[in-house]
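Colleague: The structure is given below, and queries will be raised subsequently.
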Amino acid sequence: MLTPLGWWTAGGSVVLYGVGWWLGYPEPAAVGGAGLLAVVFGLLVTVPTPKLKVSRDIAPLKVPRGEPAVGVLKVRSMSRAVVVPGLTVRDVIVPADGAASSVRVAVL
């Protein structure tokens, strides 16, 4: 999926390529073509999503309000795809009062 920056890069590249081709200037067309290739390459690299198995261990299971608890997320790749550095997972925490919150965890 493209980010807003990816969409802007793709749109600007199409405009540069079109204007360069229409006016006969090879430089803007080359920059536009390079931008389009960068967007396509980025999509090809990010499309395969790794299949992950995630488990969570929490100790102790019940904790009085305000007391600390330790949680460990175990993330295991179930496919041959390499897990890209910088991958983050989101763990949702739902206390007894029902006010859910989430924590983003970097996968090392």
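Just so we're on the same page: first chain in the structure tokens is A, next is B, and so on; residues restart at 1 for each chain, and ligands are numbered from 1 in the order they show up.
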Show which residues sit within 12 Å of A:Val15, as a ChimeraX atom specification. Count only C-alpha atoms, and ignore same-chain residues fewer than 3 positions away.
Modeller: /A:8-12,18-23,28-33,35-36
Colleague: Measuring between only C-alpha atoms, which one of A:Met78, A:Val103, A:Leu73, A:Val39 shows the shortest distance to A:Lys51?
Modeller: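 Looking only at the distances to A:Lys51, the closest residue turns out to be A:Met78.
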Colleague: Separation of atom CA of A:Val54 and atom CA of A:Lys74, in Å?
Modeller: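 Computing it gives 5.6 Å between the two atoms.
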Colleague: If you run DSSP on the backbone here, which positions in chain A get strand (DSSP E)? Please write them as a list in words.
Modeller: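 Residues meeting the strand (DSSP E) criterion: Leu52, Lys53, Val54, Ser55, Arg56, Asp57, Ile58, Ala59, Val70, Gly71, Val72, Leu73, Lys74, Val75, Arg76, Ser77, Thr88, Val89, Arg90, Asp91, Val92, Ile93, Ser101, Ser102, Val103, Arg104, Val105 and Ala106 of chain A.
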Colleague: So which one's closest to A:Ser77, A:Val40, A:Leu108, A:Pro95, A:Tyr25? Using only C-alpha atoms, please.
Modeller: A:Leu108
Colleague: Go through A:Ile58, A:Glu27, A:Ala38, A:Val47 one by one, measure the shortest atom-to-atom distance of each to A:Trp7 using only C-alpha atoms, and give the residue with the smallest value.
Modeller: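 Residue with the minimum atom-to-atom distance to A:Trp7: A:Ala38.
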Colleague: Enter the distance from atom CA of A:Ser79 to atom CA of A:Gly42, in Å, rounded to one decimal.
Modeller: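 Calculated distance between atom CA of A:Ser79 and atom CA of A:Gly42 is 20.6 Å.
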Colleague: Please report the interatomic distance between atom CA of A:Val63 and atom CA of A:Ile93 in Å with one decimal.
Modeller: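 Spanning atom CA of A:Val63 to atom CA of A:Ile93 is a straight-line distance of 13.4 Å.
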Colleague: Please identify which residues in chain A DSSP calls helix (DSSP H, G or I) from the backbone, and express them as number ranges by chain.
Modeller: A: 4-23, 26-46
Colleague: Would you mind telling me which residue in A:Leu44, A:Leu2, A:Val105, A:Val14 lies nearest to A:Val92 when using only C-alpha atoms?
Modeller: A:Val105
Colleague: With distances taken over only C-alpha atoms, which of A:Tyr17, A:Thr88, A:Met1, A:Gly66 is nearest to A:Val45?
Modeller: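 Among the listed residues, A:Met1 lies closest to A:Val45.
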Colleague: For A:Ser55, which residue out of A:Leu37, A:Val70, A:Val75, A:Leu43 is the nearest one, using only C-alpha atoms?
Modeller: A:Val75
